[in-house]
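One file, protein-v7.cif, carrying mmCIF, C-alpha atoms and all ligand atoms:
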data_data
loop_
_atom_site.label_atom_id
_atom_site.label_comp_id
_atom_site.auth_asym_id
_atom_site.auth_seq_id
_atom_site.Cartn_x
_atom_site.Cartn_y
_atom_site.Cartn_z
CA MET A 226 12.50 47.24 -5.43
CA ALA A 227 13.77 43.94 -4.01
CA THR A 228 11.86 42.59 -1.01
CA ARG A 229 14.05 42.05 2.04
CA ARG A 230 13.65 38.41 3.03
CA LEU A 231 13.60 38.38 6.81
CA TYR A 232 13.57 34.59 6.97
CA TYR A 233 17.05 34.51 5.41
CA ASP A 234 18.53 35.93 8.60
CA ASP A 235 16.07 34.63 11.15
CA ALA A 236 13.73 31.77 10.29
CA PHE A 237 12.20 32.09 13.77
CA GLU A 238 10.77 35.58 13.13
CA LYS A 239 7.00 35.06 13.36
CA GLU A 240 5.80 38.68 13.43
CA PHE A 241 7.13 41.74 11.64
CA THR A 242 6.20 45.24 10.53
CA ALA A 243 6.56 46.39 6.92
CA ARG A 244 5.53 49.05 4.44
CA VAL A 245 3.25 48.32 1.47
CA VAL A 246 5.07 49.17 -1.77
CA TYR A 247 2.53 47.76 -4.24
CA CYS A 248 -1.11 46.67 -4.02
CA GLU A 249 -3.39 45.77 -6.92
CA VAL A 250 -6.44 43.60 -7.60
CA LEU A 251 -5.49 40.31 -9.27
CA PRO A 252 -7.53 38.94 -12.18
CA PRO A 253 -9.42 35.68 -11.39
CA ASP A 254 -7.25 32.61 -11.88
CA VAL A 255 -9.16 29.33 -11.89
CA ASN A 256 -5.92 27.30 -12.09
CA SER A 257 -4.74 28.51 -8.69
CA GLY A 258 -8.26 28.26 -7.23
CA ILE A 259 -8.69 32.05 -6.97
CA THR A 260 -12.26 32.98 -7.88
CA GLY A 261 -13.08 35.80 -5.45
CA THR A 262 -11.51 39.25 -5.42
CA VAL A 263 -7.91 39.12 -4.19
CA TRP A 264 -5.01 41.53 -4.10
CA LYS A 265 -1.37 41.18 -4.93
CA LEU A 266 0.65 42.81 -2.19
CA ILE A 267 4.36 43.59 -2.18
CA LEU A 268 6.06 44.76 1.00
CA ASP A 269 9.50 46.26 1.55
CA ARG A 270 10.31 43.35 3.87
CA THR A 271 8.64 40.05 4.71
CA ALA A 272 8.96 36.99 6.92
CA PHE A 273 6.58 35.06 4.61
CA TYR A 274 8.32 32.24 2.78
CA PRO A 275 7.25 31.80 -0.88
CA THR A 276 6.82 28.36 -2.46
CA SER A 277 10.25 27.27 -3.69
CA GLY A 278 12.89 24.56 -3.44
CA GLY A 279 10.29 21.89 -2.59
CA GLN A 280 9.00 23.81 0.46
CA PRO A 281 5.40 25.14 0.36
CA ASN A 282 4.61 28.80 1.08
CA ASP A 283 3.64 30.21 4.45
CA LEU A 284 0.14 31.28 5.39
CA GLY A 285 -0.92 33.86 7.98
CA LYS A 286 -2.14 37.45 8.28
CA ILE A 287 -1.04 40.84 7.00
CA GLY A 288 -3.08 43.35 8.98
CA ASP A 289 -6.68 42.08 8.78
CA ALA A 290 -6.06 40.29 5.51
CA ASN A 291 -5.58 36.53 5.19
CA VAL A 292 -2.53 35.49 3.19
CA LEU A 293 -3.69 32.93 0.62
CA ASP A 294 -0.45 32.43 -1.31
CA VAL A 295 3.13 33.70 -1.35
CA ARG A 296 5.07 33.75 -4.61
CA ASP A 297 8.72 34.22 -5.42
CA GLU A 298 8.95 36.67 -8.33
CA GLY A 299 12.72 36.94 -8.57
CA GLU A 300 13.70 40.12 -6.72
CA GLU A 301 10.29 40.53 -5.15
CA ILE A 302 7.98 38.40 -3.07
CA SER A 303 4.27 38.83 -3.72
CA HIS A 304 1.54 37.99 -1.21
CA VAL A 305 -1.95 37.09 -2.41
CA VAL A 306 -4.37 38.50 0.18
CA ASP A 307 -8.16 38.57 0.53
CA ARG A 308 -8.48 42.30 1.36
CA ARG A 309 -6.67 45.57 0.78
CA PRO A 310 -4.76 46.84 3.82
CA ALA A 311 -6.20 50.09 5.18
CA ASP A 312 -2.80 51.45 6.18
CA PRO A 313 0.53 51.52 4.28
CA GLU A 314 2.27 50.39 7.49
CA VAL A 315 1.27 46.78 8.22
CA ASN A 316 1.92 44.06 10.77
CA GLY A 317 2.56 40.59 9.42
CA CYS A 318 2.11 37.38 11.34
CA ILE A 319 2.88 33.95 9.93
CA ASN A 320 1.04 30.75 10.77
CA TRP A 321 3.80 29.40 12.97
CA PRO A 322 2.73 25.75 13.50
CA ARG A 323 2.60 25.33 9.70
CA ARG A 324 5.99 27.02 9.17
CA PHE A 325 7.70 25.14 12.01
CA ASP A 326 6.40 21.85 10.59
CA HIS A 327 7.91 22.80 7.21
CA MET A 328 11.22 23.67 8.89
CA GLN A 329 11.31 20.30 10.67
CA GLN A 330 10.59 18.40 7.44
CA HIS A 331 12.96 20.49 5.36
CA THR A 332 15.93 20.35 7.74
CA GLY A 333 15.26 16.64 8.25
CA GLN A 334 15.50 16.24 4.47
CA HIS A 335 18.95 17.90 4.37
CA LEU A 336 20.13 15.48 7.02
CA LEU A 337 18.55 12.33 5.59
CA SER A 338 19.80 13.11 2.06
CA ALA A 339 23.32 13.70 3.44
CA MET A 340 23.29 10.31 5.22
CA PHE A 341 22.13 8.40 2.12
CA GLN A 342 24.79 10.17 0.06
CA GLU A 343 27.68 9.80 2.47
CA ARG A 344 27.08 6.33 3.88
CA PHE A 345 25.56 4.63 0.87
CA GLY A 346 26.54 6.74 -2.17
CA LEU A 347 22.90 7.47 -3.10
CA PRO A 348 22.42 11.11 -4.18
CA THR A 349 19.06 12.86 -3.79
CA VAL A 350 17.76 14.16 -7.12
CA SER A 351 14.49 15.68 -5.92
CA PHE A 352 12.52 16.58 -2.81
CA HIS A 353 8.81 17.09 -2.18
CA LEU A 354 7.23 18.38 1.01
CA GLY A 355 3.56 17.31 0.93
CA SER A 356 0.77 18.08 3.36
CA GLU A 357 1.03 14.57 4.84
CA MET A 358 4.20 12.95 3.56
CA CYS A 359 7.63 14.09 2.41
CA THR A 360 9.64 12.31 -0.26
CA ILE A 361 13.14 12.30 -1.67
CA ASP A 362 14.12 10.56 -4.89
CA LEU A 363 17.41 8.66 -4.63
CA ARG A 364 19.38 7.75 -7.73
CA GLY A 365 21.36 4.50 -7.93
CA PRO A 366 20.78 0.85 -7.12
CA GLU A 367 17.66 -0.14 -5.16
CA PRO A 368 18.11 0.76 -1.46
CA THR A 369 17.80 -2.39 0.65
CA GLU A 370 15.97 -2.50 4.01
CA GLU A 371 19.38 -2.21 5.69
CA ILE A 372 20.21 0.95 3.74
CA LEU A 373 16.84 2.56 4.51
CA GLU A 374 17.20 1.73 8.20
CA GLY A 375 20.87 2.74 8.19
CA GLY A 376 20.10 6.18 6.70
CA GLU A 377 17.31 6.70 9.24
CA ARG A 378 19.47 5.64 12.20
CA ALA A 379 22.43 7.81 11.15
CA ALA A 380 20.13 10.86 10.74
CA ASN A 381 18.52 10.27 14.13
CA GLN A 382 21.95 9.94 15.78
CA ILE A 383 22.80 13.47 14.58
CA ILE A 384 19.39 14.68 15.80
CA PHE A 385 20.11 13.25 19.27
CA GLU A 386 23.51 15.01 19.28
CA ASP A 387 21.61 18.31 18.86
CA ARG A 388 24.15 19.81 16.47
CA PRO A 389 23.90 23.47 15.36
CA VAL A 390 22.36 24.30 11.98
CA THR A 391 23.86 27.53 10.61
CA VAL A 392 23.64 29.77 7.57
CA ARG A 393 26.86 30.49 5.63
CA TYR A 394 27.40 32.85 2.76
CA GLY A 395 30.03 32.65 0.03
CA THR A 396 30.67 32.46 -3.70
CA ALA A 397 30.21 29.15 -5.49
CA ASP A 398 34.01 28.67 -5.42
CA GLU A 399 34.28 29.38 -1.71
CA LEU A 400 31.41 27.05 -0.90
CA SER A 401 32.81 24.24 -3.03
CA GLN A 402 36.11 24.55 -1.13
CA LEU A 403 34.08 24.16 2.08
CA GLY A 404 32.69 20.89 0.73
CA VAL A 405 29.43 21.77 -1.07
CA ARG A 406 28.86 18.92 -3.50
CA LYS A 407 26.02 20.36 -5.54
CA GLU A 408 26.86 22.24 -8.74
CA VAL A 409 25.48 25.77 -8.49
CA GLU A 410 24.79 27.89 -11.56
CA ARG A 411 23.93 31.11 -9.69
CA GLU A 412 26.46 33.96 -9.68
CA GLY A 413 27.45 36.11 -6.73
CA ILE A 414 27.09 35.45 -3.04
CA LEU A 415 25.21 32.26 -2.24
CA ARG A 416 23.49 31.09 0.91
CA ALA A 417 24.31 27.67 2.26
CA ILE A 418 23.05 25.67 5.22
CA GLU A 419 25.50 23.78 7.38
CA ILE A 420 24.64 20.97 9.74
CA GLU A 421 27.78 20.79 11.83
CA GLY A 422 30.02 17.94 10.75
CA ALA A 423 27.30 16.40 8.56
CA ASP A 424 26.19 18.54 5.62
CA LEU A 425 26.68 21.79 3.72
CA GLN A 426 24.11 22.61 1.04
CA PRO A 427 23.24 25.75 -0.92
CA CYS A 428 19.63 26.48 0.04
CA GLY A 429 17.28 29.47 0.28
CA GLY A 430 14.76 27.70 2.52
CA THR A 431 13.91 27.91 6.21
CA HIS A 432 15.57 25.61 8.75
CA VAL A 433 15.56 24.86 12.46
CA LYS A 434 18.46 26.13 14.62
CA ARG A 435 19.63 22.83 16.04
CA THR A 436 19.15 19.27 14.84
CA GLY A 437 17.32 18.42 18.09
CA GLN A 438 14.39 20.54 16.83
CA ILE A 439 13.84 18.07 13.97
CA GLY A 440 12.66 15.71 16.72
CA LEU A 441 12.89 12.43 14.83
CA VAL A 442 13.11 11.13 11.27
CA LEU A 443 10.96 8.14 10.32
CA VAL A 444 11.62 6.51 6.95
CA ARG A 445 8.49 4.94 5.52
CA ARG A 446 7.92 3.26 2.13
CA CYS A 447 10.34 3.11 -0.78
CA THR A 448 8.97 2.71 -4.31
CA LYS A 449 10.45 2.87 -7.79
CA VAL A 450 9.54 6.01 -9.73
CA ARG A 451 10.93 5.97 -13.27
CA GLN A 452 14.68 5.42 -12.84
CA ASP A 453 14.82 6.57 -9.19
CA TRP A 454 13.81 5.35 -5.71
CA ARG A 455 11.21 7.44 -3.94
CA VAL A 456 11.71 7.32 -0.18
CA GLU A 457 8.84 8.57 1.97
CA PHE A 458 9.71 10.07 5.34
CA VAL A 459 8.27 12.25 8.09
CA CYS A 460 9.93 14.35 10.80
CA GLY A 461 8.99 15.98 14.09
CA ARG A 462 5.28 16.08 14.95
CA ARG A 463 4.49 14.15 11.78
CA ALA A 464 6.73 11.31 12.99
CA GLU A 465 4.85 11.29 16.29
CA ARG A 466 1.51 11.13 14.45
CA ALA A 467 2.75 8.39 12.10
CA ALA A 468 4.02 6.23 14.97
CA ARG A 469 0.78 6.73 16.90
CA GLY A 470 -1.25 5.87 13.77
CA ASP A 471 0.84 2.75 13.12
CA PHE A 472 0.25 1.53 16.65
CA GLN A 473 -3.50 2.15 16.44
CA TRP A 474 -3.74 0.08 13.27
CA LEU A 475 -1.64 -2.63 14.83
CA ARG A 476 -3.79 -2.68 17.97
CA GLN A 477 -7.03 -2.77 15.97
CA THR A 478 -5.68 -5.60 13.80
CA ALA A 479 -4.57 -7.50 16.90
CA GLU A 480 -8.05 -7.09 18.38
CA LYS A 481 -9.62 -8.52 15.22
CA LEU A 482 -7.23 -11.46 15.34
CA SER A 483 -7.64 -11.83 19.13
CA CYS A 484 -3.92 -11.77 19.79
CA ALA A 485 -1.23 -9.51 21.24
CA PRO A 486 0.15 -6.81 18.89
CA GLU A 487 3.52 -8.59 18.71
CA ASP A 488 1.78 -11.79 17.50
CA VAL A 489 -0.09 -10.15 14.62
CA VAL A 490 2.10 -11.61 11.86
CA SER A 491 1.87 -15.22 13.03
CA ALA A 492 -1.86 -14.91 13.83
CA ALA A 493 -2.54 -13.42 10.37
CA SER A 494 -0.52 -16.20 8.70
CA ARG A 495 -2.49 -18.83 10.63
CA ALA A 496 -5.82 -17.21 9.71
CA LEU A 497 -4.84 -17.08 6.03
CA ALA A 498 -3.66 -20.72 6.00
CA GLU A 499 -6.96 -21.72 7.61
CA ARG A 500 -8.93 -19.69 5.10
CA ASP A 501 -7.06 -21.29 2.17
CA ALA A 502 -7.66 -24.81 3.50
CA ASN A 503 -11.35 -24.03 4.11
CA SER A 504 -11.86 -22.59 0.68
CA LYS A 505 -10.25 -25.65 -0.90
CA ASN A 506 -12.60 -27.93 1.07
CA PHE A 507 -15.55 -25.72 0.29
CA ARG A 508 -14.83 -25.86 -3.44
CA ALA A 509 -14.55 -29.67 -3.36
CA VAL A 510 -17.87 -29.92 -1.51
CA VAL A 511 -19.54 -27.50 -3.93
CA GLN A 512 -18.32 -29.60 -6.85
CA ARG A 513 -19.64 -32.84 -5.37
CA LEU A 514 -22.99 -31.29 -4.54
CA ALA A 515 -23.36 -29.74 -8.01
CA GLU A 516 -22.49 -33.04 -9.69
CA ALA A 517 -24.93 -34.95 -7.50
CA GLU A 518 -27.68 -32.46 -8.30
CA ALA A 519 -26.87 -32.69 -12.02
CA THR A 520 -27.18 -36.48 -11.85
CA LEU A 521 -30.57 -36.15 -10.15
CA ALA A 522 -31.68 -33.66 -12.79
CA LEU A 523 -30.64 -36.05 -15.57
CA GLN A 524 -32.56 -38.90 -13.96
CA SER A 525 -35.71 -36.84 -13.72
CA ALA A 526 -35.39 -35.35 -17.23
CA PRO A 527 -36.32 -38.09 -19.68
CA PRO A 528 -35.32 -37.54 -23.32
CA GLY A 529 -37.99 -35.61 -25.24
CA THR A 530 -38.65 -35.26 -28.97
CA ASN A 531 -35.49 -36.03 -30.94
CA GLY A 532 -33.83 -37.23 -27.73
CA PHE A 533 -32.98 -33.80 -26.19
CA ARG A 534 -32.66 -33.47 -22.41
CA VAL A 535 -32.91 -29.89 -21.32
CA VAL A 536 -32.58 -28.42 -17.84
CA SER A 537 -33.11 -24.70 -17.20
CA ARG A 538 -32.73 -23.37 -13.72
CA VAL A 539 -32.04 -20.27 -11.63
CA PHE A 540 -30.05 -21.19 -8.52
CA GLU A 541 -30.14 -19.20 -5.34
CA GLY A 542 -27.46 -19.08 -2.67
CA VAL A 543 -24.72 -20.80 -4.69
CA PRO A 544 -21.29 -19.51 -5.79
CA ALA A 545 -20.72 -18.92 -9.53
CA ASP A 546 -18.56 -22.08 -9.67
CA TYR A 547 -21.63 -24.13 -8.91
CA LEU A 548 -23.05 -23.44 -12.38
CA GLY A 549 -19.85 -24.65 -14.04
CA PHE A 550 -19.74 -27.90 -12.10
CA PHE A 551 -23.46 -28.54 -12.63
CA GLY A 552 -23.41 -27.67 -16.33
CA THR A 553 -20.28 -29.74 -17.06
CA ALA A 554 -21.72 -32.80 -15.29
CA PHE A 555 -25.14 -32.45 -16.94
CA ALA A 556 -23.73 -31.95 -20.43
CA LYS A 557 -21.83 -35.24 -20.27
CA SER A 558 -24.95 -37.06 -21.43
CA GLU A 559 -26.00 -37.41 -25.07
CA LYS A 560 -28.02 -34.47 -26.38
CA ALA A 561 -28.14 -32.79 -22.96
CA ILE A 562 -28.40 -29.00 -22.68
CA ALA A 563 -28.15 -26.93 -19.45
CA ILE A 564 -29.39 -23.33 -19.27
CA LEU A 565 -28.33 -22.05 -15.85
CA ALA A 566 -28.20 -18.82 -13.89
CA ALA A 567 -27.25 -17.74 -10.37
CA ALA A 568 -29.68 -15.20 -8.90
CA GLU A 569 -27.29 -13.25 -6.64
CA GLY A 570 -24.44 -12.41 -9.03
CA GLY A 571 -26.43 -12.67 -12.29
CA HIS A 572 -24.03 -15.33 -13.61
CA LEU A 573 -25.13 -17.34 -16.65
CA LEU A 574 -23.89 -20.66 -17.91
CA PHE A 575 -25.07 -22.47 -21.02
CA ALA A 576 -23.59 -25.92 -21.75
CA GLN A 577 -24.40 -28.76 -24.13
CA HIS A 578 -23.18 -32.20 -25.10
CA PRO A 579 -21.66 -31.80 -28.62
CA SER A 580 -24.29 -34.20 -29.95
CA ALA A 581 -27.01 -31.61 -29.14
CA GLY A 582 -25.61 -29.60 -32.06
CA LYS A 583 -26.76 -26.12 -30.92
CA ASP A 584 -24.59 -23.02 -30.47
CA MET A 585 -24.31 -22.01 -26.78
CA ASN A 586 -22.08 -19.03 -27.54
CA ALA A 587 -24.56 -17.58 -30.03
CA LEU A 588 -27.48 -18.26 -27.66
CA LEU A 589 -25.74 -16.55 -24.74
CA LYS A 590 -24.83 -13.55 -26.87
CA GLN A 591 -28.47 -13.17 -27.96
CA VAL A 592 -29.66 -13.34 -24.38
CA VAL A 593 -27.19 -10.84 -22.91
CA GLU A 594 -27.85 -8.47 -25.78
CA LYS A 595 -31.57 -8.43 -24.96
CA VAL A 596 -31.41 -8.59 -21.15
CA GLY A 597 -28.19 -6.59 -20.60
CA GLY A 598 -24.84 -8.11 -19.74
CA LYS A 599 -21.83 -9.69 -21.37
CA GLY A 600 -20.15 -13.02 -21.96
CA GLY A 601 -19.25 -15.65 -24.52
CA GLY A 602 -17.56 -18.97 -25.03
CA THR A 603 -17.60 -21.92 -27.44
CA ARG A 604 -20.35 -23.78 -29.24
CA ASP A 605 -20.60 -26.20 -26.30
CA PHE A 606 -19.87 -24.03 -23.28
CA ALA A 607 -20.53 -20.33 -22.69
CA ARG A 608 -20.51 -18.11 -19.61
CA GLY A 609 -21.79 -14.63 -19.01
CA ARG A 610 -22.93 -12.13 -16.46
CA LEU A 611 -26.03 -9.97 -16.37
CA ASN A 612 -25.74 -6.30 -15.46
CA ASP A 613 -28.66 -6.80 -13.10
CA GLY A 614 -28.89 -10.12 -11.20
CA SER A 615 -32.64 -9.70 -10.69
CA HIS A 616 -33.11 -10.43 -14.41
CA ALA A 617 -31.83 -14.01 -14.05
CA GLU A 618 -35.31 -15.58 -14.42
CA LYS A 619 -36.01 -13.48 -17.48
CA ALA A 620 -32.66 -14.46 -19.07
CA VAL A 621 -33.26 -18.17 -18.51
CA SER A 622 -36.81 -18.12 -19.92
CA LEU A 623 -35.65 -16.09 -22.90
CA ALA A 624 -32.87 -18.61 -23.60
CA ARG A 625 -35.41 -21.39 -23.32
CA GLU A 626 -37.71 -19.68 -25.86
CA LEU A 627 -34.85 -19.09 -28.27
CA LEU A 628 -33.61 -22.66 -28.04
CA PRO A 629 -35.21 -24.58 -30.92
CA VAL A 630 -35.87 -27.91 -29.20
CA SER A 631 -39.00 -29.26 -27.67
CA ALA A 632 -38.42 -31.38 -24.64
CA PRO A 633 -40.16 -32.03 -21.36
CA GLU A 634 -38.41 -30.03 -18.77
CA LYS A 635 -37.54 -30.19 -15.10
ZN ZN B 1 17.20 23.87 2.95
#

Starting from the file, lay out its structure as structure tokens.
Amino acid sequence: MATRRLYYDDAFEKEFTARVVYCEVLPPDVNSGITGTVWKLILDRTAFYPTSGGQPNDLGKIGDANVLDVRDEGEEISHVVDRRPADPEVNGCINWPRRFDHMQQHTGQHLLSAMFQERFGLPTVSFHLGSEMCTIDLRGPEPTEEILEGGERAANQIIFEDRPVTVRYGTADELSQLGVRKEVEREGILRAIEIEGADLQPCGGTHVKRTGQIGLVLVRRCTKVRQDWRVEFVCGRRAERAARGDFQWLRQTAEKLSCAPEDVVSAASRALAERDANSKNFRAVVQRLAEAEATLALQSAPPGTNGFRVVSRVFEGVPADYLGFFGTAFAKSEKAIAILAAAEGGHLLFAQHPSAGKDMNALLKQVVEKVGGKGGGTRDFARGRLNDGSHAEKAVSLARELLPVSAPEK
């Protein structure tokens, strides 16, 4: 027996009475998150909207039972409930704030899609109503900022005009004569939604009565998804929340930058330019300091047996770059070898003058294999990183043991 869909005639019906025509325990279904005992309930009539056409199902109560899911099963609508009703006559009550939010988003989508189609020739190929954000996928060339703003403004204009939103019935032929663009496969009498002077779409969903009830449409991001353009938007209370959230972020950012909200962009640009200049200076200073320290180390490391000069050191409080500058400067001298580590990040750097004739890459690989880490390089210059920075001392002494030279060391 087909369930009578009360929301077809009146989407504002929040409470209803009905008769139970079927009730049976459902097997557990891990995929839909149902693990406890639940019942499938079919009524002779219902105001509960099942998931379909991009709009999520309603929630609410049937008698004492909580409605966990509502499914469209062709002729019938089934309700998944957490207890069996005691009486065959039941009262149903839908979670109205949730439903009204869906109606605002869904009617807003009709309107926004119509504006993108009519004004900019961009058809909507899919719609998703999420718990936070709604999206439509537009097909065609990339929508510019002007198009996104233009679609939003045109939709809001029709919202401000508070035009009626009505249900019309007719065959596919009759509806196409009235201006329905979408090809419809279904036979028989179809249901269509008309936004006066703006849109006529076949749709089985729930909608507000007048465009004013949509409240506002806010278009958010647009990103490419496969061949289409996914436009995020929110309507009604969600638009209010989004605008409030945007302003809070803006105000917090302005506070951090010590400026007025309207000056955030220029203040952020200034702060970034300053940061870039500082980091350039910092790097130059680090290089000079590392080179000076390498020169000192060379002076205090006299050549040992066979003329090798070896320095092995664990630095504290220096950036990773410091090792590179130090090692490069040190290894400019004949037969010089630098075995370096940075304590904080666990960075390693082994460098030699080619005349030293060892293999820094092989040495580094041996060390990281034993101590834990990764890295590599060339015979003369190899970098790596330890998994655990606190093993820097161990890595340097191990490298020193493995290095077959004997030289006095500083
Ligand atoms: Zn609709």

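Proximal residues of ligand ZN 1 (chain B) are Gly278, His331, Thr332, Gln334, His335, Ile418, Gln426, Pro427, Cys428, Gly429, Gly430, Thr431 and His432 of chain A, by a cut-off of 8 Å on only C-alpha atoms and all ligand atoms.
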
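If you measure from each of A:Val459, A:Ile267, A:Leu293, A:Met226 to A:Gly355 using all atoms listed in the file, the closest one turns out to be A:Val459.
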
Atom CA of A:Val592 to atom CA of A:Ala545: how many Å, to one decimal? 18.2 Å

Go through A:Ala554, A:Leu284, A:Ala620, A:Leu521 one by one, measure the shortest atom-to-atom distance of each to A:Lys239 using only C-alpha atoms, and give the residue with the smallest value. A:Leu284

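Among the candidates A:Pro527, A:Pro252, A:Pro348, A:Pro322, the residue lying nearest to A:Gly285 is A:Pro322 (atoms considered: all atoms listed in the file).
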
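Shortest separation to A:Ala581 among A:Ala568, A:Val630, A:Val306, A:Ala417 occurs at residue A:Val630, atoms counted being all atoms listed in the file.
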
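Going from atom CA of A:Leu251 to atom CA of A:Leu266 covers 9.7 Å.
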
9 Å contact set for A:Leu588, all atoms listed in the file, chain neighbours under 3 positions out, as an MDAnalysis selection string: chainID A and resid 575 583:585 591:593 607 624 627:628

Counting all atoms listed in the file, find the residues whose atoms lie at most 12 Å from (-2.4, -11.6, 13.4) (file coordinates) and write them out as a PDB file with C-alpha atoms, in the frame of the given file.
ATOM      1  CA  TRP A 474      -3.740   0.080  13.270  1.00  0.00           C
ATOM      2  CA  LEU A 475      -1.640  -2.630  14.830  1.00  0.00           C
ATOM      3  CA  ARG A 476      -3.790  -2.680  17.970  1.00  0.00           C
ATOM      4  CA  GLN A 477      -7.030  -2.770  15.970  1.00  0.00           C
ATOM      5  CA  THR A 478      -5.680  -5.600  13.800  1.00  0.00           C
ATOM      6  CA  ALA A 479      -4.570  -7.500  16.900  1.00  0.00           C
ATOM      7  CA  GLU A 480      -8.050  -7.090  18.380  1.00  0.00           C
ATOM      8  CA  LYS A 481      -9.620  -8.520  15.220  1.00  0.00           C
ATOM      9  CA  LEU A 482      -7.230 -11.460  15.340  1.00  0.00           C
ATOM     10  CA  SER A 483      -7.640 -11.830  19.130  1.00  0.00           C
ATOM     11  CA  CYS A 484      -3.920 -11.770  19.790  1.00  0.00           C
ATOM     12  CA  ALA A 485      -1.230  -9.510  21.240  1.00  0.00           C
ATOM     13  CA  PRO A 486       0.150  -6.810  18.890  1.00  0.00           C
ATOM     14  CA  GLU A 487       3.520  -8.590  18.710  1.00  0.00           C
ATOM     15  CA  ASP A 488       1.780 -11.790  17.500  1.00  0.00           C
ATOM     16  CA  VAL A 489      -0.090 -10.150  14.620  1.00  0.00           C
ATOM     17  CA  VAL A 490       2.100 -11.610  11.860  1.00  0.00           C
ATOM     18  CA  SER A 491       1.870 -15.220  13.030  1.00  0.00           C
ATOM     19  CA  ALA A 492      -1.860 -14.910  13.830  1.00  0.00           C
ATOM     20  CA  ALA A 493      -2.540 -13.420  10.370  1.00  0.00           C
ATOM     21  CA  SER A 494      -0.520 -16.200   8.700  1.00  0.00           C
ATOM     22  CA  ARG A 495      -2.490 -18.830  10.630  1.00  0.00           C
ATOM     23  CA  ALA A 496      -5.820 -17.210   9.710  1.00  0.00           C
ATOM     24  CA  LEU A 497      -4.840 -17.080   6.030  1.00  0.00           C
ATOM     25  CA  ALA A 498      -3.660 -20.720   6.000  1.00  0.00           C
TER      26      ALA A 498
END

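Relative to atom CA of A:Phe352, atom CA of A:Tyr233 is found at 20.2 Å.
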
Could you list, as a CSV table (one decimal) with C-alpha atoms, in the frame of the given file, every residue within 8 Å of A:Val442, counting all atoms listed in the file and ignoring same-chain residues fewer than 3 positions away?
chain,number,residue,atom,x,y,z
A,333,GLY,CA,15.3,16.6,8.2
A,337,LEU,CA,18.6,12.3,5.6
A,377,GLU,CA,17.3,6.7,9.2
A,380,ALA,CA,20.1,10.9,10.7
A,381,ASN,CA,18.5,10.3,14.1
A,439,ILE,CA,13.8,18.1,14.0
A,458,PHE,CA,9.7,10.1,5.3
A,459,VAL,CA,8.3,12.2,8.1
A,460,CYS,CA,9.9,14.4,10.8
A,461,GLY,CA,9.0,16.0,14.1
A,464,ALA,CA,6.7,11.3,13.0

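If you measure from each of A:Gly346, A:Pro528, A:Gly437, A:Gly549 to A:Gln512 using only C-alpha atoms, the closest one turns out to be A:Gly549.
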
For A:Phe341, list every protein, DNA or RNA residue within 9 Å, evaluated using all atoms listed in the file, and leave out those in the same chain fewer than 6 positions away; present the list as a ChimeraX atom specification. /A:347-349,363,372-373,375-377

For A:Gly598, please output as a PyMOL selection string all residues within 6 Å (counting only C-alpha atoms; exclusion window: fewer than 6 positions along the same chain). chain A and resi 610-612

What are the centre and edge lengths in Å, to one decimal, of the axis-aligned box around all listed atoms of stretch 366-374 of chain A with 8 Å added on each side, as lines of an AutoDock Vina configuration file?
center_x = 18.4
center_y = 0.0
center_z = 0.5
size_x = 20.8
size_y = 21.1
size_z = 31.3

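Closest approach to A:Ser537 from the set A:Val596, A:Leu231, A:Val621, A:Cys447 is made by A:Val621, with distances taken over only C-alpha atoms.
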
Near A:Phe273, within 10 Å and counting only C-alpha atoms, which residues show up once chain neighbours fewer than 3 positions away are dropped, as a PyMOL selection string? chain A and resi 230-232+236+238-241+270+276+282-287+292+294-296+302-304+317-320+324
